[in-house]
>>> print(open('work-v1.txt').read())   # compact mmCIF, C-alpha atoms
# COMPACT_ATOMS: atom_id res chain seq x y z
CA MET A 212 -29.67 21.08 32.57
CA ILE A 213 -32.35 23.08 34.37
CA LYS A 214 -31.20 25.34 37.20
CA GLU A 215 -34.10 26.13 39.52
CA ALA A 216 -33.49 29.15 41.76
CA VAL A 217 -35.50 29.47 44.97
CA VAL A 218 -36.66 33.05 45.48
CA GLU A 219 -39.02 35.00 47.75
CA THR A 220 -38.77 38.61 46.51
CA PHE A 221 -39.02 40.32 43.16
CA ASP A 222 -35.42 41.52 43.43
CA GLU A 223 -34.35 37.89 43.78
CA ILE A 224 -36.40 36.99 40.69
CA ILE A 225 -34.55 39.64 38.68
CA TYR A 226 -31.18 38.45 39.99
CA ALA A 227 -31.91 34.81 39.18
CA ALA A 228 -33.14 35.68 35.70
CA ASN A 229 -29.99 37.69 35.01
CA HIS A 230 -27.65 34.97 36.25
CA GLY A 231 -28.80 31.94 34.32
CA ALA A 232 -31.80 30.46 36.13
CA ASN A 233 -34.04 28.36 33.86
CA ARG A 234 -36.83 28.16 36.40
CA ILE A 235 -37.70 29.79 39.68
CA GLU A 236 -39.46 28.28 42.65
CA LEU A 237 -41.42 31.11 44.21
CA CYS A 238 -41.96 30.99 47.98
CA ASP A 239 -42.67 33.19 50.95
CA ASN A 240 -41.07 32.70 54.39
CA LEU A 241 -37.98 30.75 53.40
CA SER A 242 -36.91 31.02 57.04
CA VAL A 243 -39.43 28.24 57.79
CA GLY A 244 -38.74 26.31 54.60
CA GLY A 245 -41.15 28.23 52.37
CA THR A 246 -44.87 28.94 52.32
CA THR A 247 -47.35 30.03 49.65
CA PRO A 248 -46.40 33.41 48.11
CA SER A 249 -48.91 36.17 47.51
CA TYR A 250 -51.14 36.29 44.44
CA GLY A 251 -49.61 39.63 43.46
CA LEU A 252 -46.03 38.35 43.57
CA VAL A 253 -46.94 35.26 41.55
CA LYS A 254 -48.70 37.39 38.93
CA LEU A 255 -45.72 39.71 38.51
CA ALA A 256 -43.28 36.79 38.51
CA VAL A 257 -45.11 35.08 35.66
CA GLU A 258 -45.40 38.32 33.68
CA TYR A 259 -41.66 38.97 34.10
CA CYS A 260 -40.32 35.43 33.65
CA HIS A 261 -42.39 33.97 30.82
CA PRO A 262 -41.17 36.43 28.14
CA LEU A 263 -37.64 35.36 29.18
CA ASN A 264 -38.55 31.65 28.81
CA ILE A 265 -38.13 31.12 32.54
CA ASP A 266 -40.68 28.83 34.19
CA VAL A 267 -42.36 29.67 37.48
CA ALA A 268 -43.06 26.94 40.03
CA VAL A 269 -45.08 28.02 43.07
CA MET A 270 -44.91 26.65 46.60
CA ILE A 271 -48.26 25.61 48.08
CA ARG A 272 -47.85 25.38 51.85
CA PRO A 273 -50.12 27.12 54.35
CA ARG A 274 -47.63 27.33 57.24
CA GLY A 275 -44.24 26.29 58.51
CA GLY A 276 -43.74 23.27 60.75
CA ASN A 277 -44.67 19.71 59.92
CA PHE A 278 -46.36 18.44 56.77
CA SER A 279 -49.41 16.83 58.37
CA TYR A 280 -52.36 19.06 57.58
CA ASN A 281 -55.85 19.28 59.03
CA LEU A 282 -59.00 19.62 56.93
CA PHE A 283 -58.98 23.42 56.91
CA GLU A 284 -55.32 23.62 55.91
CA LYS A 285 -55.96 21.23 53.04
CA GLU A 286 -58.80 23.44 51.85
CA VAL A 287 -56.54 26.51 52.04
CA MET A 288 -54.04 24.68 49.82
CA ARG A 289 -56.78 23.69 47.40
CA GLU A 290 -58.13 27.24 47.16
CA ASP A 291 -54.63 28.64 46.63
CA ILE A 292 -54.08 26.23 43.75
CA ILE A 293 -57.40 27.21 42.16
CA ALA A 294 -56.63 30.93 42.47
CA LEU A 295 -53.02 30.75 41.29
CA GLN A 296 -53.84 28.42 38.42
CA THR A 297 -55.49 31.37 36.66
CA LEU A 298 -52.05 33.02 36.42
CA ASN A 299 -50.63 30.36 34.10
CA VAL A 300 -47.97 29.12 36.51
CA ASP A 301 -45.81 26.25 35.30
CA ALA A 302 -45.93 23.98 38.36
CA PHE A 303 -47.23 23.67 41.90
CA VAL A 304 -44.89 22.46 44.65
CA PHE A 305 -46.38 20.77 47.70
CA GLY A 306 -46.05 17.79 50.02
CA ALA A 307 -48.28 16.13 52.59
CA LEU A 308 -47.42 13.45 55.15
CA ASN A 309 -49.45 11.58 57.75
CA LYS A 310 -48.70 11.63 61.46
CA ASP A 311 -46.20 8.78 60.99
CA ASN A 312 -44.34 10.80 58.34
CA ASP A 313 -45.39 8.45 55.56
CA LEU A 314 -46.81 9.91 52.35
CA ASP A 315 -50.38 11.18 52.74
CA THR A 316 -51.50 9.74 49.42
CA SER A 317 -55.12 10.90 49.68
CA THR A 318 -54.16 14.56 50.25
CA MET A 319 -51.48 14.43 47.55
CA GLN A 320 -54.00 12.99 45.11
CA TYR A 321 -56.61 15.57 46.13
CA LEU A 322 -54.22 18.45 45.44
CA ARG A 323 -52.91 16.84 42.27
CA GLN A 324 -56.45 16.56 40.90
CA THR A 325 -57.15 20.17 41.86
CA ALA A 326 -54.15 21.28 39.79
CA GLN A 327 -55.61 19.54 36.73
CA GLU A 328 -53.12 19.84 33.85
CA THR A 329 -50.58 21.95 35.76
CA PRO A 330 -47.51 19.83 36.64
CA CYS A 331 -46.99 19.10 40.34
CA VAL A 332 -43.85 18.59 42.38
CA MET A 333 -43.26 16.76 45.67
CA HIS A 334 -41.11 19.08 47.78
CA MET A 335 -38.53 18.17 50.40
CA ALA A 336 -41.17 16.80 52.76
CA PHE A 337 -40.22 13.63 50.89
CA ASP A 338 -37.02 13.48 52.94
CA GLN A 339 -39.03 13.16 56.16
CA ILE A 340 -40.51 9.86 54.96
CA PRO A 341 -38.63 6.95 56.57
CA VAL A 342 -36.02 5.63 54.12
CA ARG A 343 -37.57 2.16 54.15
CA LEU A 344 -40.82 3.64 52.82
CA GLN A 345 -39.43 6.12 50.29
CA LEU A 346 -39.40 3.85 47.25
CA LYS A 347 -43.02 2.85 47.86
CA ALA A 348 -43.88 6.53 48.26
CA MET A 349 -42.11 7.29 44.98
CA ASP A 350 -44.18 4.65 43.21
CA ALA A 351 -47.36 6.26 44.57
CA LEU A 352 -46.22 9.67 43.36
CA ILE A 353 -45.52 8.25 39.91
CA ASP A 354 -48.96 6.62 39.81
CA MET A 355 -50.70 9.93 40.59
CA GLY A 356 -48.71 11.80 37.97
CA ILE A 357 -46.34 13.89 40.08
CA LYS A 358 -43.64 15.28 37.78
CA ARG A 359 -40.62 15.47 40.06
CA ILE A 360 -39.33 15.00 43.60
CA LEU A 361 -37.15 17.58 45.33
CA THR A 362 -34.80 15.86 47.74
CA HIS A 363 -31.70 16.47 49.84
CA GLY A 364 -31.12 12.74 50.10
CA SER A 365 -31.36 12.91 53.89
CA SER A 366 -33.83 14.03 56.56
CA ASN A 367 -30.95 15.93 58.17
CA SER A 368 -30.83 19.20 56.25
CA SER A 369 -27.50 20.11 57.83
CA THR A 370 -25.64 17.27 56.11
CA ALA A 371 -23.61 18.19 53.04
CA ILE A 372 -25.45 17.12 49.91
CA LEU A 373 -22.28 15.43 48.61
CA ASP A 374 -22.50 13.10 51.61
CA ASN A 375 -25.91 11.93 50.42
CA VAL A 376 -24.99 10.70 46.95
CA THR A 377 -25.64 7.05 47.80
CA GLN A 378 -29.27 7.76 48.69
CA LEU A 379 -29.69 10.17 45.78
CA ALA A 380 -28.39 7.50 43.41
CA ARG A 381 -30.76 4.94 44.95
CA LEU A 382 -33.72 7.21 44.31
CA LEU A 383 -32.58 7.99 40.77
CA ARG A 384 -32.18 4.29 39.93
CA HIS A 385 -35.63 3.46 41.25
CA SER A 386 -37.25 6.30 39.32
CA LYS A 387 -36.34 4.66 35.99
CA GLY A 388 -37.09 7.95 34.28
CA ASN A 389 -40.73 7.91 35.39
CA ILE A 390 -40.27 10.88 37.73
CA GLU A 391 -37.54 13.50 37.84
CA ILE A 392 -35.24 13.41 40.87
CA MET A 393 -34.09 16.98 41.61
CA PRO A 394 -31.39 17.44 44.28
CA GLY A 395 -31.46 20.48 46.53
CA GLY A 396 -30.69 21.73 50.01
CA GLY A 397 -27.19 23.09 50.36
CA LEU A 398 -26.58 22.78 46.62
CA ASN A 399 -25.05 25.90 45.10
CA LYS A 400 -23.01 27.15 42.16
CA ASP A 401 -19.78 26.30 44.02
CA ASN A 402 -20.45 22.60 44.72
CA LEU A 403 -22.76 21.89 41.78
CA ASN A 404 -20.08 20.55 39.45
CA ALA A 405 -18.77 18.19 42.13
CA LEU A 406 -22.22 16.62 42.43
CA LEU A 407 -22.74 16.44 38.68
CA GLU A 408 -19.42 14.64 38.26
CA LEU A 409 -20.81 11.90 40.50
CA ILE A 410 -24.40 11.86 39.22
CA PRO A 411 -25.46 13.70 36.03
CA PHE A 412 -28.76 15.14 37.26
CA GLN A 413 -30.90 16.92 34.68
CA GLU A 414 -32.45 19.40 37.14
CA VAL A 415 -30.94 21.07 40.22
CA HIS A 416 -32.36 23.38 42.89
CA GLY A 417 -31.13 25.92 45.39
CA THR A 418 -31.27 29.45 46.79
CA LYS A 419 -27.72 30.03 45.49
CA ILE A 420 -27.76 27.79 42.42
CA VAL A 421 -26.95 30.81 40.16
>>> encode(input="work-v1.txt", output="structure tokens")
Amino acid sequence: MIKEAVVETFDEIIYAANHGANRIELCDNLSVGGTTPSYGLVKLAVEYCHPLNIDVAVMIRPRGGNFSYNLFEKEVMREDIIALQTLNVDAFVFGALNKDNDLDTSTMQYLRQTAQETPCVMHMAFDQIPVRLQLKAMDALIDMGIKRILTHGSSNSSTAILDNVTQLARLLRHSKGNIEIMPGGGLNKDNLNALLELIPFQEVHGTKIV
């Protein structure tokens, strides 16, 4: 099982590496849900983690707030991917929605193509998509080659993740192994086993997962 630790400082990278993280998701500004980290931090993270066989996934998000981006914000995201791709990162993490909170397939495809061979992840913006549209959105993500979906199983981040197992199971069933479903948001080393007893996820995510 892959434990992905969410970090925003180099001290947190060292802690995660020393406590069993298999992968880090590197962000800035976790207080607003995470934004794109600096080039320098990404470079040092890769140089530190790769010799330890720890992957580095990098958040691509130009600001906090909603996930509907204008033309200039999309270009910022594209340029960040191009720049950070030179550092041999293991995945890019992003999500784009339209004004109705449905998946913005054109922007997702645009960023996916920019990343070329680097795996891409749909972050928890997925949870803001209306439930009735989530399976269709998942199919679109599979078609464009997105590797995994990070999800809390609810648009309400304050709900306990164990209360969302029905929706998490629904998403996992629909994925049919074509895209990884990675639970996160309130998941930590103390409640992880309780979730895994209900659903044996292969990848898990959290700021306190290790």
>>> atom_distance(input="work-v1.txt", atom1="CA of Asp239 in chain A", atom2="CA of Leu373 in chain A")
27.1 Å
>>> atom_distance(input="work-v1.txt", atom1="CA of Gln345 in chain A", atom2="CA of Glu328 in chain A")
25.4 Å
>>> residues_around(input="work-v1.txt", residues="Gly276 in chain A", least_positions_apart="6", cutoff="12 Å", atoms="only C-alpha atoms", output="list in words")
Asn240, Leu241, Ser242, Val243, Gly244, Gly245, Thr246, Ala307, Leu308 and Ala336 of chain A
>>> closest_residue(input="work-v1.txt", among="A:Ala380, A:Leu406, A:Ile420, A:Leu282", to="Glu236 in chain A", atoms="only C-alpha atoms")
A:Ile420
>>> residues_around(input="work-v1.txt", residues="range 359-368 of chain A", least_positions_apart="4", cutoff="8 Å", atoms="only C-alpha atoms", output="PyMOL selection string")
chain A and resi 331-335+337-339+372+375-376+378-379+390-397+416
>>> atom_distance(input="work-v1.txt", atom1="CA of Asn229 in chain A", atom2="CA of Glu414 in chain A")
18.6 Å
>>> residues_near_point(input="work-v1.txt", point="(-46.3, 22.9, 42.1)", cutoff="8 Å", atoms="only C-alpha atoms", output="PyMOL selection string")
chain A and resi 268-271+301-305+329-333
>>> build_atoms(input="work-v1.txt", residues="range 285-300 of chain A", atoms="N, CA and C atoms", output="short mmCIF file (atom, residue, chain, number, x, y, z; two decimals), in the frame of the given file")
data_model
loop_
_atom_site.label_atom_id
_atom_site.label_comp_id
_atom_site.auth_asym_id
_atom_site.auth_seq_id
_atom_site.Cartn_x
_atom_site.Cartn_y
_atom_site.Cartn_z
N LYS A 285 -55.87 21.84 54.37
CA LYS A 285 -55.96 21.23 53.04
C LYS A 285 -56.84 22.06 52.12
N GLU A 286 -57.91 22.61 52.67
CA GLU A 286 -58.80 23.44 51.85
C GLU A 286 -58.13 24.76 51.47
N VAL A 287 -57.32 25.32 52.38
CA VAL A 287 -56.54 26.51 52.04
C VAL A 287 -55.62 26.21 50.86
N MET A 288 -54.94 25.07 50.90
CA MET A 288 -54.04 24.68 49.82
C MET A 288 -54.81 24.52 48.51
N ARG A 289 -55.96 23.89 48.60
CA ARG A 289 -56.78 23.69 47.40
C ARG A 289 -57.20 25.03 46.80
N GLU A 290 -57.68 25.94 47.65
CA GLU A 290 -58.13 27.24 47.16
C GLU A 290 -56.98 28.06 46.59
N ASP A 291 -55.79 27.94 47.18
CA ASP A 291 -54.63 28.64 46.63
C ASP A 291 -54.28 28.11 45.24
N ILE A 292 -54.35 26.80 45.06
CA ILE A 292 -54.08 26.23 43.75
C ILE A 292 -55.09 26.74 42.72
N ILE A 293 -56.35 26.74 43.09
CA ILE A 293 -57.40 27.21 42.16
C ILE A 293 -57.17 28.66 41.77
N ALA A 294 -56.84 29.51 42.75
CA ALA A 294 -56.63 30.93 42.47
C ALA A 294 -55.38 31.16 41.62
N LEU A 295 -54.29 30.50 41.97
CA LEU A 295 -53.02 30.75 41.29
C LEU A 295 -52.97 30.09 39.91
N GLN A 296 -53.79 29.09 39.72
CA GLN A 296 -53.84 28.42 38.42
C GLN A 296 -54.26 29.38 37.31
N THR A 297 -55.03 30.39 37.65
CA THR A 297 -55.49 31.37 36.66
C THR A 297 -54.35 32.23 36.15
N LEU A 298 -53.19 32.19 36.80
CA LEU A 298 -52.05 33.02 36.42
C LEU A 298 -51.09 32.31 35.47
N ASN A 299 -51.45 31.10 35.07
CA ASN A 299 -50.63 30.36 34.10
C ASN A 299 -49.26 29.99 34.66
N VAL A 300 -49.24 29.58 35.93
CA VAL A 300 -47.97 29.12 36.51
C VAL A 300 -47.59 27.79 35.87
#
